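**Q** This is the structure I want to talk about, given as structure tokens.
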Amino acid sequence: MGKISARSVGIDLGTTFSALAYLDEKGRPRTVTNSRGHDVTPSAVWVKPDRSVVVGEAALAARRNRADHVAVNFKRDMGEKVYHEPVCGKQFSPQALSALVLKKLGIDARNVLENITGAVITVPAYFGDARRKATQDAGRIAGLNVLDIINEPTAAALANAFAEYVHRGGDMVRLDVARIATTAPATTLIYDLGGGTFDVTIIRIDNNNFEVVATGGEVQLGGVDFDRRVLNYYCDEFQRRTGVDPRDTAESTVKILNACEAAKIHLSKAEQATIEGEYLGKQMKLPVSRQRFEQLTSDLLARTQLCVEMLLEDALLGWDRIDNILMVGGSSRMPQVTRMLAEVSGKAPDMAAAPDQIVAHGAAIHAAILTYDRASATPSAPKKPITPDAELSFLDDDDDEDEGGPSASGSTSFDDIPLSLPIEEESEDQSDAPVSAPIAPMEAPIARGIKLTDVNSHGLGVIVRSSRESRTVNSVIIPKNTPLPTTRVKVFGTEAANQRQVRLRITEGDARDPRGCTQIGECLIRLLPKGLPKGSPVEVRFAYDRSGRVHVRAVELTSGAGADVEIKRDTGFDADTVGKMADIVAEIDVE
Ligand code: AMP
């Protein structure tokens, strides 16, 4: 059979498994099987001493004997500078490890597709700016044309609505005419418990409009945490009976962790499982009942329940306003998840038809939409300026009142700082650029009429000095769950005469106390005109683009001069480094 013509793909870059999908000639989402014939590929990277790399099942198997040569769960470290431990004696960034997984997925895809013109990569809705940027960079390092990133639950909702439409006999190639989604507006709660992260999102689907109402979750909560609970249960007992602890070496820990994961999965369909392990010549078989497993992990499940309840509160919705519950992610197969959701909601949750692949399918649909939209856009059209939304105001009521007016919004730490810092140039979102790649004929019809609107999962703010509270506080400028894209404007006053630059500390988070937020970087507004009097207003525009990425612009209002704005992120790479890493990854043999 010949290969399918060039097209864009969707990639679910998961903590434990990753998958790549595309739309076939008839517009159906298809998952690419890997070189072992599986739909999903473990996100595991084995680095060999000769610098060649193995990704997937073989890497997981190698972990049993060479744990220090295999990296796993690096998605949890996205946004950090380095993966939390050395691999084969070297430190790797999570972006580089993710890029190697993406490269492997791309290699497998080229067995089926002539070429990959672009890719949409999924991210947990709860990812902040640093993790989103790291994901985009991982794609670029892998040599992919990253069209966009999309939130995993949004992708799942899109694929689910699409599958339902097809199930009802809908014509996949005439999606512009027939409606993909329900004819009656429906509000869906998507509960996504994967291997390493938990997301919960409420999406309102009205005809072909997919509008995310609110999103929440935890970046450090997933199937691996359930596995570790069982691991500790088993090892504590092992130690009690034998006097030795298998957790003492990485290799024996990995072996027992694998057995614990297998037992956990078995308990999803059976009442009882047995874990067998061996360490230093001592062996132990330990039966575990489902009831025991549920006790060991009840607080983890309760954390997901709390997130769901908080989300409903944020969205000002009761369960009566939720029409359906869609469960996504491998860990949603645990029976206690369905039971808990049914109990709190009084509704029967639906398990997605292919919970491991649905996210990649949604990303592939989104990639097709974008490919069509961009190919049909006029390439020379000027970039749209960021348009302030209706709530644009010069002063942030809450904070400026607190701080005593604009000139006192000096609040912000205004100081002349040396310019020798290695500063990352804040560039336009590259995903906005028109894509010149050809589009497959079937990608055109699906593209019309579907509109996705997402929200930001974290508030965006700056650290300011509140004179009323006599302390430094986080002033939220764009609250979480604001529809994207969005722009808010705030005016700051210079603190000294002839001040040439201003430094803002930008935060993610909704807490008033800066310690409850993440500082994502510093924004340096520089090259202000000479001779400005003290208190000169500087207007700063904070924006989230559609992908949840942060952008900042500034204008000095007296002269109208635009000031240079640079964001120095606490972590992350500049474009140059990404390019260099892409060259290195291109040279690495990946199998
Ligand atoms: P995902 O990231 O969505 O592919 O989910 C992977 C996670 O789902 C891993 O932690 C798996 O152990 C877990 N998982 C997969 N199948 C099951 C199952 N039948 N029961 C419980 N957990 C499962």
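Going through the structure tokens in order, the chains are called A, B, and so on, while each chain numbers its residues from 1 and the ligands are numbered from 1 in the order shown.
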Against stretch 334-343 of chain A, which residues of stretch 218-276 of chain A fall within 9 Å? For each one I want the closest pair of atoms and the distance in Å (one decimal), counting only C-alpha atoms, rows by chain and increasing residue number, as a tab-separated table.
**A**
residue	atom	partner	partner_atom	distance
A:Lys264	CA	A:Met334	CA	8.4
A:Ile265	CA	A:Met334	CA	7.7
A:Leu267	CA	A:Met334	CA	7.8
A:Ser268	CA	A:Met334	CA	5.1
A:Lys269	CA	A:Pro335	CA	8.1
**Q** Could you save the residues just selected, with all heavy atoms, as a PDB file, in the first residue's frame?
**A**
ATOM      1  N   LYS A 264      -2.126  -2.747  39.571  1.00  0.00           N
ATOM      2  CA  LYS A 264      -3.128  -1.657  39.572  1.00  0.00           C
ATOM      3  C   LYS A 264      -4.061  -1.814  38.375  1.00  0.00           C
ATOM      4  O   LYS A 264      -5.288  -1.711  38.515  1.00  0.00           O
ATOM      5  CB  LYS A 264      -2.400  -0.299  39.500  1.00  0.00           C
ATOM      6  CG  LYS A 264      -3.302   0.881  39.284  1.00  0.00           C
ATOM      7  CD  LYS A 264      -2.541   2.146  38.940  1.00  0.00           C
ATOM      8  CE  LYS A 264      -2.107   2.166  37.481  1.00  0.00           C
ATOM      9  NZ  LYS A 264      -1.468   3.440  37.094  1.00  0.00           N
ATOM     10  N   ILE A 265      -3.478  -2.054  37.214  1.00  0.00           N
ATOM     11  CA  ILE A 265      -4.290  -2.192  35.995  1.00  0.00           C
ATOM     12  C   ILE A 265      -5.208  -3.423  36.108  1.00  0.00           C
ATOM     13  O   ILE A 265      -6.388  -3.365  35.755  1.00  0.00           O
ATOM     14  CB  ILE A 265      -3.374  -2.247  34.742  1.00  0.00           C
ATOM     15  CG1 ILE A 265      -2.731  -0.867  34.547  1.00  0.00           C
ATOM     16  CG2 ILE A 265      -4.145  -2.692  33.491  1.00  0.00           C
ATOM     17  CD1 ILE A 265      -1.708  -0.765  33.447  1.00  0.00           C
ATOM     18  N   LEU A 267      -6.409  -4.631  38.789  1.00  0.00           N
ATOM     19  CA  LEU A 267      -7.485  -4.335  39.758  1.00  0.00           C
ATOM     20  C   LEU A 267      -8.620  -3.501  39.149  1.00  0.00           C
ATOM     21  O   LEU A 267      -9.678  -3.360  39.759  1.00  0.00           O
ATOM     22  CB  LEU A 267      -6.908  -3.621  40.986  1.00  0.00           C
ATOM     23  CG  LEU A 267      -6.075  -4.517  41.913  1.00  0.00           C
ATOM     24  CD1 LEU A 267      -5.394  -3.685  42.994  1.00  0.00           C
ATOM     25  CD2 LEU A 267      -6.952  -5.603  42.553  1.00  0.00           C
ATOM     26  N   SER A 268      -8.399  -2.968  37.976  1.00  0.00           N
ATOM     27  CA  SER A 268      -9.495  -2.238  37.319  1.00  0.00           C
ATOM     28  C   SER A 268     -10.570  -3.196  36.836  1.00  0.00           C
ATOM     29  O   SER A 268     -11.702  -2.795  36.602  1.00  0.00           O
ATOM     30  CB  SER A 268      -8.972  -1.409  36.140  1.00  0.00           C
ATOM     31  OG  SER A 268      -8.241  -0.326  36.622  1.00  0.00           O
ATOM     32  N   LYS A 269     -10.191  -4.481  36.657  1.00  0.00           N
ATOM     33  CA  LYS A 269     -11.231  -5.423  36.221  1.00  0.00           C
ATOM     34  C   LYS A 269     -11.387  -6.601  37.178  1.00  0.00           C
ATOM     35  O   LYS A 269     -12.335  -7.364  37.054  1.00  0.00           O
ATOM     36  CB  LYS A 269     -10.995  -5.906  34.785  1.00  0.00           C
ATOM     37  CG  LYS A 269      -9.610  -6.364  34.445  1.00  0.00           C
ATOM     38  CD  LYS A 269      -9.544  -6.730  32.953  1.00  0.00           C
ATOM     39  CE  LYS A 269      -8.337  -7.551  32.604  1.00  0.00           C
ATOM     40  NZ  LYS A 269      -7.037  -7.028  32.978  1.00  0.00           N
TER      41      LYS A 269
END
**Q** If we count only C-alpha atoms, what is near stretch 501-511 of chain A at a cut-off of 8 Å, once residues fewer than 6 positions away on the same chain are taken out, given as a PyMOL selection string?
**A** chain A and resi 128+412-417+458-463+474+476+479-480+494+517-528
**Q** What does the list of residues within 10 Å of ligand 1 look like if you count only C-alpha atoms and all ligand atoms, written as a VMD selection string?
**A** chain A and resid 12 to 19 40 to 43 192 to 198 222 to 227 258 260 to 269 328 to 337 354 to 359
**Q** Go through A:Arg63, A:His366, A:His38, A:Arg465 one by one, measure the shortest atom-to-atom distance of each to A:Ile121 using only C-alpha atoms, and give the residue with the smallest value.
**A**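 Closest residue, counting only C-alpha atoms: A:His366.
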**Q** Pull the alpha helix (DSSP H) assignments for stretch 217-372 of chain A out of DSSP run on the backbone, and list those residues as a PyMOL selection string.
**A** chain A and resi 223-242+250-267+290-296+298-314+335-345+358-372
**Q** Determine, using only C-alpha atoms, which residues of stretch 212-235 of chain A have any atom at most 12 Å from an atom of stretch 282-286 of chain A, and tabulate each with its shortest atom pair and distance in Å to one decimal place, rows ordered by chain and then rising number, as CSV.
**A**
residue,atom,partner,partner_atom,distance
A:Val230,CA,A:Leu286,CA,10.7
A:Leu231,CA,A:Leu286,CA,11.2
A:Tyr233,CA,A:Leu286,CA,9.8
A:Tyr234,CA,A:Leu286,CA,7.1
A:Cys235,CA,A:Met284,CA,9.8
**Q** Write out the residues from the selection above, keeping N, CA and C atoms, as a CSV table (one decimal), in the first residue's frame.
**A**
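Written output follows (again.csv):
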chain,number,residue,atom,x,y,z
A,230,VAL,N,1.3,1.9,45.8
A,230,VAL,CA,1.3,0.4,45.8
A,230,VAL,C,2.8,0.0,46.1
A,231,LEU,N,3.7,0.7,45.4
A,231,LEU,CA,5.1,0.3,45.6
A,231,LEU,C,5.5,0.4,47.1
A,233,TYR,N,3.6,0.4,49.7
A,233,TYR,CA,2.9,-0.6,50.5
A,233,TYR,C,3.6,-2.0,50.4
A,234,TYR,N,4.0,-2.3,49.2
A,234,TYR,CA,4.7,-3.6,49.0
A,234,TYR,C,6.1,-3.6,49.6
A,235,CYS,N,6.8,-2.5,49.4
A,235,CYS,CA,8.2,-2.5,49.9
A,235,CYS,C,8.3,-2.4,51.5
**Q** Name all residues at most 10 Å from A:Gly2 (count only C-alpha atoms; drop same-chain ones fewer than 3 positions away) and give them as a VMD selection string.
**A** chain A and resid 5 111 to 114
**Q** From the list A:Ala364, A:Ile369, A:Val200, A:Ile150, which residue is nearest A:Leu312 when using only C-alpha atoms?
**A**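 Closest to A:Leu312, using only C-alpha atoms: A:Val200.
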**Q** Applying 8 Å and only C-alpha atoms, which residues near stretch 151-164 of chain A remain after dropping the ones on its own chain fewer than 2 positions away? List them as number ranges by chain.
**A** A: 12, 122-125, 149, 166-168, 180-182, 190-192, 199-201, 203, 210, 212, 328, 352, 358-363, 365-366, 454
**Q** Fewer than 6 positions away in the same chain doesn't count, so skip those; otherwise give me all residues within 12 Å of A:Asp248, counting only C-alpha atoms, as a CSV table (one decimal) with N, CA and C atoms, in the first residue's frame.
**A**
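To be explicit, this is the file written out as around-v2.csv:
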chain,number,residue,atom,x,y,z
A,235,CYS,N,6.8,-2.5,49.4
A,235,CYS,CA,8.2,-2.5,49.9
A,235,CYS,C,8.3,-2.4,51.5
A,236,ASP,N,7.3,-1.7,52.1
A,236,ASP,CA,7.2,-1.6,53.5
A,236,ASP,C,7.1,-3.0,54.1
A,239,GLN,N,10.2,-5.1,53.6
A,239,GLN,CA,11.2,-4.8,54.6
A,239,GLN,C,10.9,-5.4,55.9
A,254,VAL,N,12.5,-0.1,40.1
A,254,VAL,CA,11.8,0.0,38.8
A,254,VAL,C,11.1,-1.4,38.5
A,256,ILE,N,9.9,-3.5,40.7
A,256,ILE,CA,8.7,-3.7,41.5
A,256,ILE,C,7.6,-2.6,41.2
A,279,TYR,N,14.4,-9.3,45.8
A,279,TYR,CA,15.5,-8.4,46.1
A,279,TYR,C,16.6,-9.1,46.9
A,280,LEU,N,17.8,-9.1,46.5
A,280,LEU,CA,18.9,-9.7,47.2
A,280,LEU,C,18.6,-11.2,47.6
**Q** I'd like to know which residues of stretch 438-529 of chain A are strand (DSSP E or B) (by DSSP, run on the backbone); could you write them as a ChimeraX atom specification?
**A** /A:451-453,455,460-466,471-478,483,486-493,502-508,518-526
**Q** As a PyMOL selection string, please: the residues near A:Glu539 (cut-off 6 Å, only C-alpha atoms, same-chain neighbours under 3 positions excluded).
**A** chain A and resi 490-491+554-555
**Q** Please produce a file of the residues just selected, as a PDB file, in the first residue's frame, where the atoms kept are all heavy atoms.
**A**
ATOM      1  N   LYS A 490      -2.362  48.032  31.877  1.00  0.00           N
ATOM      2  CA  LYS A 490      -2.184  48.650  33.193  1.00  0.00           C
ATOM      3  C   LYS A 490      -1.156  49.770  33.031  1.00  0.00           C
ATOM      4  O   LYS A 490      -0.223  49.642  32.234  1.00  0.00           O
ATOM      5  CB  LYS A 490      -1.672  47.596  34.172  1.00  0.00           C
ATOM      6  CG  LYS A 490      -1.690  48.046  35.618  1.00  0.00           C
ATOM      7  CD  LYS A 490      -1.444  46.861  36.534  1.00  0.00           C
ATOM      8  CE  LYS A 490      -1.181  47.301  37.956  1.00  0.00           C
ATOM      9  NZ  LYS A 490      -2.394  47.570  38.710  1.00  0.00           N
ATOM     10  N   VAL A 491      -1.376  50.856  33.778  1.00  0.00           N
ATOM     11  CA  VAL A 491      -0.447  51.977  33.670  1.00  0.00           C
ATOM     12  C   VAL A 491       0.402  52.065  34.930  1.00  0.00           C
ATOM     13  O   VAL A 491      -0.117  51.991  36.040  1.00  0.00           O
ATOM     14  CB  VAL A 491      -1.222  53.300  33.451  1.00  0.00           C
ATOM     15  CG1 VAL A 491      -0.267  54.481  33.455  1.00  0.00           C
ATOM     16  CG2 VAL A 491      -1.983  53.237  32.148  1.00  0.00           C
ATOM     17  N   ALA A 554       4.798  47.528  25.816  1.00  0.00           N
ATOM     18  CA  ALA A 554       4.739  48.740  26.641  1.00  0.00           C
ATOM     19  C   ALA A 554       4.819  50.001  25.782  1.00  0.00           C
ATOM     20  O   ALA A 554       5.489  50.008  24.746  1.00  0.00           O
ATOM     21  CB  ALA A 554       5.889  48.743  27.645  1.00  0.00           C
ATOM     22  N   VAL A 555       4.120  51.059  26.216  1.00  0.00           N
ATOM     23  CA  VAL A 555       4.182  52.355  25.531  1.00  0.00           C
ATOM     24  C   VAL A 555       4.340  53.434  26.600  1.00  0.00           C
ATOM     25  O   VAL A 555       3.641  53.410  27.612  1.00  0.00           O
ATOM     26  CB  VAL A 555       2.872  52.637  24.740  1.00  0.00           C
ATOM     27  CG1 VAL A 555       2.946  53.987  24.041  1.00  0.00           C
ATOM     28  CG2 VAL A 555       2.576  51.543  23.751  1.00  0.00           C
TER      29      VAL A 555
END
